[in-house]
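Undergrad: Structure: entry-v3.cif, mmCIF, C-alpha atoms.
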```cif
data_upload
loop_
_atom_site.label_atom_id
_atom_site.label_comp_id
_atom_site.auth_asym_id
_atom_site.auth_seq_id
_atom_site.Cartn_x
_atom_site.Cartn_y
_atom_site.Cartn_z
CA MET T 1 0.00 0.00 0.00
CA ALA T 2 1.25 3.49 -0.86
CA LYS T 3 2.42 5.77 1.88
CA GLN T 4 0.17 8.74 2.54
CA THR T 5 1.89 12.08 2.58
CA LYS T 6 0.54 15.29 3.92
CA ILE T 7 0.22 18.05 1.36
CA VAL T 8 1.08 21.44 2.75
CA LYS T 9 -0.84 24.21 1.04
CA ALA T 10 0.89 27.53 0.90
CA LYS T 11 -1.06 30.74 1.02
CA LYS T 12 -0.94 33.15 -1.84
CA ARG T 13 0.33 36.64 -1.16
CA TRP T 14 -1.00 39.83 -2.69
CA PHE T 15 1.35 42.22 -4.47
CA ALA T 16 0.48 45.79 -5.44
CA VAL T 17 1.06 46.62 -9.13
CA ILE T 18 2.70 50.01 -9.71
CA ALA T 19 2.30 51.73 -13.11
CA PRO T 20 5.32 53.09 -15.01
CA GLU T 21 6.67 56.62 -14.63
CA ILE T 22 4.62 58.04 -17.52
CA PHE T 23 1.51 57.29 -15.44
CA LYS T 24 3.07 58.79 -12.29
CA HIS T 25 3.74 55.48 -10.50
CA LYS T 26 0.06 54.96 -9.59
CA GLU T 27 -0.98 51.83 -7.79
CA VAL T 28 -3.33 50.19 -10.27
CA GLY T 29 -4.29 46.89 -8.68
CA ASP T 30 -3.24 43.74 -6.89
CA VAL T 31 -1.90 40.41 -8.14
CA ALA T 32 -1.81 37.16 -6.18
CA ALA T 33 1.08 34.66 -6.28
CA PHE T 34 2.77 32.04 -4.10
CA GLU T 35 6.30 33.32 -4.75
CA GLN T 36 7.72 36.63 -5.94
CA ASN T 37 9.55 35.11 -8.89
CA GLU T 38 6.24 33.78 -10.33
CA LEU T 39 5.20 37.35 -11.08
CA LEU T 40 8.00 38.33 -13.46
CA GLY T 41 6.67 38.55 -17.02
CA ARG T 42 3.02 38.33 -16.00
CA THR T 43 0.69 40.82 -17.68
CA VAL T 44 -2.08 42.93 -16.17
CA GLU T 45 -4.80 44.57 -18.29
CA ILE T 46 -6.10 47.92 -17.05
CA SER T 47 -8.49 50.54 -18.37
CA ALA T 48 -6.66 53.67 -19.52
CA SER T 49 -9.14 55.87 -17.67
CA LYS T 50 -7.85 54.45 -14.41
CA LEU T 51 -4.31 55.53 -15.30
CA THR T 52 -5.09 58.92 -16.84
CA ASP T 53 -8.04 59.90 -14.60
CA THR T 54 -10.09 60.96 -17.63
CA PRO T 55 -13.41 59.24 -18.40
CA LYS T 56 -12.97 59.63 -22.17
CA ASP T 57 -10.23 56.97 -22.07
CA GLN T 58 -12.54 54.25 -20.76
CA HIS T 59 -12.66 52.52 -24.17
CA ARG T 60 -8.85 52.04 -24.18
CA LYS T 61 -7.07 49.18 -22.46
CA ILE T 62 -3.42 49.21 -21.48
CA VAL T 63 -1.53 45.97 -20.83
CA LEU T 64 1.28 46.27 -18.27
CA GLN T 65 3.99 43.63 -17.93
CA ILE T 66 5.53 43.06 -14.51
CA SER T 67 9.24 43.75 -14.69
CA ASP T 68 10.55 43.95 -11.10
CA VAL T 69 9.48 42.80 -7.64
CA THR T 70 10.52 44.61 -4.46
CA GLY T 71 8.82 43.50 -1.27
CA ASP T 72 5.04 43.57 -1.69
CA LYS T 73 5.15 45.92 -4.67
CA VAL T 74 5.77 45.10 -8.32
CA THR T 75 6.79 47.60 -10.95
CA SER T 76 5.63 47.31 -14.52
CA VAL T 77 6.30 48.46 -18.06
CA VAL T 78 3.77 49.12 -20.80
CA LYS T 79 3.50 46.20 -23.21
CA ARG T 80 0.56 47.23 -25.44
CA MET T 81 -2.47 49.47 -25.79
CA PHE T 82 -5.67 48.88 -27.73
CA PHE T 83 -9.20 50.15 -28.20
CA LEU T 84 -12.09 47.87 -27.24
CA ASP T 85 -13.64 46.10 -30.24
CA ASN T 86 -17.17 47.29 -29.45
CA TYR T 87 -15.96 50.90 -29.55
CA ILE T 88 -14.34 50.33 -32.96
CA GLN T 89 -17.56 48.72 -34.27
CA ARG T 90 -19.60 51.73 -33.15
CA MET T 91 -17.11 54.15 -34.69
CA THR T 92 -16.88 52.45 -38.09
CA ARG T 93 -20.59 51.81 -38.63
CA LYS T 94 -21.33 54.96 -40.67
CA TYR T 95 -18.21 54.91 -42.88
CA LYS T 96 -18.23 53.27 -46.32
CA GLU T 97 -14.46 53.05 -46.74
CA LYS T 98 -12.31 51.45 -44.03
CA PHE T 99 -8.79 50.19 -44.29
CA ILE T 100 -6.05 49.24 -41.86
CA ILE T 101 -2.32 49.93 -41.91
CA VAL T 102 -0.20 47.54 -39.81
CA PRO T 103 3.53 48.39 -39.96
CA THR T 104 6.26 47.35 -37.53
CA LEU T 105 8.38 50.47 -37.02
CA PRO T 106 11.45 51.49 -35.01
CA SER T 107 11.02 54.14 -32.32
CA LYS T 108 13.81 55.96 -30.47
CA ASP T 109 14.42 53.09 -28.06
CA SER T 110 12.57 50.01 -29.35
CA THR T 111 10.47 48.53 -32.15
CA VAL T 112 6.68 48.88 -32.10
CA LYS T 113 3.88 47.30 -34.10
CA VAL T 114 1.13 49.81 -34.88
CA LYS T 115 -2.36 49.17 -36.22
CA VAL T 116 -3.96 52.29 -37.71
CA LEU T 117 -7.60 52.38 -38.80
CA VAL T 118 -8.49 54.87 -41.56
CA MET T 119 -12.13 55.72 -42.38
CA ALA T 120 -13.79 57.77 -45.12
CA VAL T 121 -17.45 58.50 -45.83
CA LYS T 122 -17.31 57.57 -49.55
CA LYS T 123 -15.57 54.74 -51.35
CA LEU T 124 -12.07 55.57 -52.59
CA HIS T 125 -10.68 54.87 -56.03
CA GLN T 126 -7.85 52.34 -55.93
CA LYS T 127 -5.17 54.87 -56.97
CA VAL T 128 -6.31 57.36 -54.33
CA ARG T 129 -6.33 54.63 -51.69
CA ALA T 130 -2.80 53.51 -52.64
CA THR T 131 -1.52 57.10 -52.46
CA VAL T 132 -3.15 57.65 -49.06
CA LEU T 133 -1.66 54.38 -47.76
CA HIS T 134 1.81 55.24 -49.05
CA ASN T 135 1.79 58.77 -47.60
CA MET T 136 0.35 57.66 -44.25
CA THR T 137 2.91 54.87 -43.85
CA ALA T 138 5.80 57.23 -44.63
CA SER T 139 4.45 59.89 -42.27
CA LEU T 140 3.79 57.35 -39.50
CA THR T 141 7.35 56.04 -39.82
CA ASP T 142 8.76 59.56 -39.32
CA LYS T 143 6.51 60.31 -36.34
CA ILE T 144 7.30 57.09 -34.50
CA LYS T 145 11.06 57.44 -35.08
CA GLN T 146 10.93 60.76 -33.20
CA THR T 147 9.15 59.43 -30.08
CA THR T 148 10.07 57.01 -27.32
CA THR T 149 7.93 53.98 -26.57
CA ASP T 150 6.83 55.47 -23.24
CA GLU T 151 5.51 58.59 -24.98
CA LEU T 152 3.70 56.47 -27.58
CA PHE T 153 1.42 54.94 -24.96
CA LEU T 154 0.10 58.26 -23.71
CA PRO T 155 -3.42 58.84 -25.10
CA SER T 156 -2.57 62.48 -25.88
CA THR T 157 0.38 61.43 -28.07
CA LEU T 158 -1.73 58.91 -29.98
CA GLU T 159 -4.47 61.49 -30.57
CA ARG T 160 -1.86 63.98 -31.80
CA ILE T 161 -0.39 61.42 -34.21
CA SER T 162 -3.88 60.52 -35.50
CA GLY T 163 -4.73 64.16 -36.10
CA GLU T 164 -1.46 64.84 -37.90
CA LEU T 165 -1.90 61.79 -40.15
CA LYS T 166 -5.41 62.94 -41.04
CA ASN T 167 -4.23 66.48 -41.85
CA GLU T 168 -1.28 65.33 -43.98
CA VAL T 169 -3.45 63.37 -46.43
CA LYS T 170 -6.16 66.04 -46.61
CA THR T 171 -4.76 67.31 -49.92
CA ILE T 172 -5.09 63.83 -51.48
CA TYR T 173 -8.52 62.95 -50.07
CA PRO T 174 -10.46 64.27 -47.06
CA ILE T 175 -10.24 61.32 -44.68
CA GLU T 176 -12.88 61.56 -41.94
CA LYS T 177 -11.23 59.67 -39.10
CA VAL T 178 -7.86 58.13 -38.29
CA ILE T 179 -7.45 56.03 -35.14
CA VAL T 180 -4.30 54.38 -33.80
CA TRP T 181 -6.21 51.22 -32.93
CA LYS T 182 -3.49 49.07 -31.38
CA ILE T 183 0.14 49.55 -30.48
CA GLU T 184 2.52 46.92 -29.12
CA VAL T 185 6.18 46.89 -28.12
CA ARG T 186 8.26 44.31 -29.99
CA LYS T 187 11.60 43.16 -28.57
#
```
Would you put the structure from the file into C-alpha cells?
TA:
Amino acid sequence: MAKQTKIVKAKKRWFAVIAPEIFKHKEVGDVAAFEQNELLGRTVEISASKLTDTPKDQHRKIVLQISDVTGDKVTSVVKRMFFLDNYIQRMTRKYKEKFIIVPTLPSKDSTVKVKVLVMAVKKLHQKVRATVLHNMTASLTDKIKQTTTDELFLPSTLERISGELKNEVKTIYPIEKVIVWKIEVRK
C-alpha cells in the first residue's frame, strides 16, 4: 500500500502593481502569487481611464507587464495598448471606406507594431487609396522614429499622431477619421 503524505498548502500573497513613470507610478491593482519570482513577465490589463483619470479613455485598455518585484510591490512596463472592439464597431458603422495599416516600425528606443484604422465616408478609387496608404505609412514612420515607446502609450500622443496623419493626407482625399487602434512593443 502506498504511503500517505501530507500536502502542505501555501497561502498566496498579494502584491500591489505600480504603473510606469509616464503614469506617475500609480498603484493600479493587486496580483496574487505564491512566490515573488512567479510574477515576473506576468501581464495585467487595465483601463486607460484608471491611469489617466479621464473618463474619455474608458474605451482604451493598457496591458502592463511586470518587470521587477521589491517587497510587496511590483513595478511594470507598458506592453501594449488597444481600443475595445465594441468601440471600434460603433465608430466604423457609418463609414463606407475602411482600411487598416499595420507596420512594424522602429522608435527611439525600441520597435513597435502599430495598427492604424483609416475611415472615409465615400468609397475611394484604388489609386487614391494607394496614395493615401503610401503617404500615411511614410508619415507614420517619421513620427514614430521621433518618439520614445513610453511617450507612444500616452493617449494624448496617440491622438496627436492621429490628427497629424489625417491632416497630412487632406490634400489627397479628405479622410474623416484616423485612429491608432493598437500599439505593441516588440523586442
Undergrad: With only C-alpha atoms as the basis for distance, which of T:Val78, T:Leu158, T:Leu152, T:Val128 is at the shortest distance from Thr171 (chain T)?
TA: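 Selected residue with least distance to Thr171 (chain T): T:Val128.
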Undergrad: Once the PyMOL selection byres ((chain T and resi 153) around 9) is applied to the coordinates I shared, what remains selected? I want it as a ChimeraX atom specification.
TA: /T:22,62,78,80-81,149-152,154-158,183
Undergrad: Box time for region 126-137 of chain T: axis-aligned, enclosing all its listed atoms, 4 Å extra on each side; report centre and edge lengths in Å to one decimal, as JSON.
TA:
```
{"center_x": -2.5, "center_y": 55.6, "center_z": -50.4, "size_x": 18.8, "size_y": 14.4, "size_z": 21.1}
```
Undergrad: Using all atoms listed in the file, which residues sit within 9 Å of region 28-42 of chain T once same-chain residues fewer than 4 positions away are excluded, as a PyMOL selection string?
TA: chain T and resi 10-19+46+50-51+64-74
Undergrad: Quick one: apply the PyMOL selection byres ((chain T and resi 95) around 9) to the file and drop the selected residues here as a list in words.
TA: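 Against this file, the PyMOL selection byres ((chain T and resi 95) around 9) returns the residues Met91, Thr92, Arg93, Lys94, Lys96, Glu97, Lys98, Met119, Ala120, Val121, Lys122, Lys123 and Glu176 of chain T.
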Undergrad: Could you tell me which of T:Val102, T:Thr5, T:His134, T:Phe82 comes closest to Asp57 (chain T) if we count all atoms listed in the file?
TA: T:Phe82
Undergrad: Nearest to Leu165 (chain T): which of T:Lys145, T:Phe99, T:Val185, T:Asn135 is it, counting all atoms listed in the file?
TA: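 Ranking T:Lys145, T:Phe99, T:Val185, T:Asn135 by distance to Leu165 (chain T), first place goes to T:Asn135.
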Undergrad: List the residues matched by the PyMOL selection byres ((chain T and resi 180) around 8) in the displayed structure as a PDB file with C-alpha atoms, in the frame of the given file, ordered by chain and then by residue number.
TA:
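Writing the result to result_35.pdb gives the following:
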```
ATOM      1  CA  VAL T 114       1.130  49.810 -34.880  1.00  0.00           C
ATOM      2  CA  LYS T 115      -2.360  49.170 -36.220  1.00  0.00           C
ATOM      3  CA  VAL T 116      -3.960  52.290 -37.710  1.00  0.00           C
ATOM      4  CA  LEU T 117      -7.600  52.380 -38.800  1.00  0.00           C
ATOM      5  CA  LEU T 158      -1.730  58.910 -29.980  1.00  0.00           C
ATOM      6  CA  GLU T 159      -4.470  61.490 -30.570  1.00  0.00           C
ATOM      7  CA  SER T 162      -3.880  60.520 -35.500  1.00  0.00           C
ATOM      8  CA  VAL T 178      -7.860  58.130 -38.290  1.00  0.00           C
ATOM      9  CA  ILE T 179      -7.450  56.030 -35.140  1.00  0.00           C
ATOM     10  CA  TRP T 181      -6.210  51.220 -32.930  1.00  0.00           C
ATOM     11  CA  LYS T 182      -3.490  49.070 -31.380  1.00  0.00           C
ATOM     12  CA  ILE T 183       0.140  49.550 -30.480  1.00  0.00           C
TER      13      ILE T 183
END
```
Undergrad: Using all atoms listed in the file, which of the listed residues (T:Thr54, T:Asn86, T:Thr141, T:Ser76) sits closest to Pro20 (chain T)?
TA: T:Ser76
Undergrad: For CA of Thr43 (chain T) and CA of Lys79 (chain T), determine how far apart the two atoms are, in Å to one decimal place.
TA: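 About the pair CA of Thr43 (chain T) and CA of Lys79 (chain T): they are 8.2 Å apart.
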Undergrad: Can you tell me which residues surround Lys187 (chain T) at a distance of at most 9 Å, considering all atoms listed in the file, apart from same-chain residues fewer than 4 positions away, and format the answer as a list in words?
TA: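 Here the qualifying residues turn out to be Ser110, Thr111 and Val112 of chain T.
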Undergrad: Mind giving me the straight-line distance from CA of Val169 (chain T) to CA of Arg129 (chain T) in Å, one decimal?
TA: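 Computing it gives 10.6 Å between the two atoms.
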Undergrad: Identify which of the residues T:Ile144, T:Val44, T:Val132, T:Ile101 lies closest to Thr75 (chain T), counting all atoms listed in the file when measuring atom-to-atom distances.
TA: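 Among the listed residues, the smallest separation from Thr75 (chain T) belongs to T:Val44.
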Undergrad: Could you check how far CA of Val63 (chain T) sits from CA of Tyr87 (chain T), in Å to one decimal?
TA: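 Going from CA of Val63 (chain T) over to CA of Tyr87 (chain T), I get 17.6 Å.
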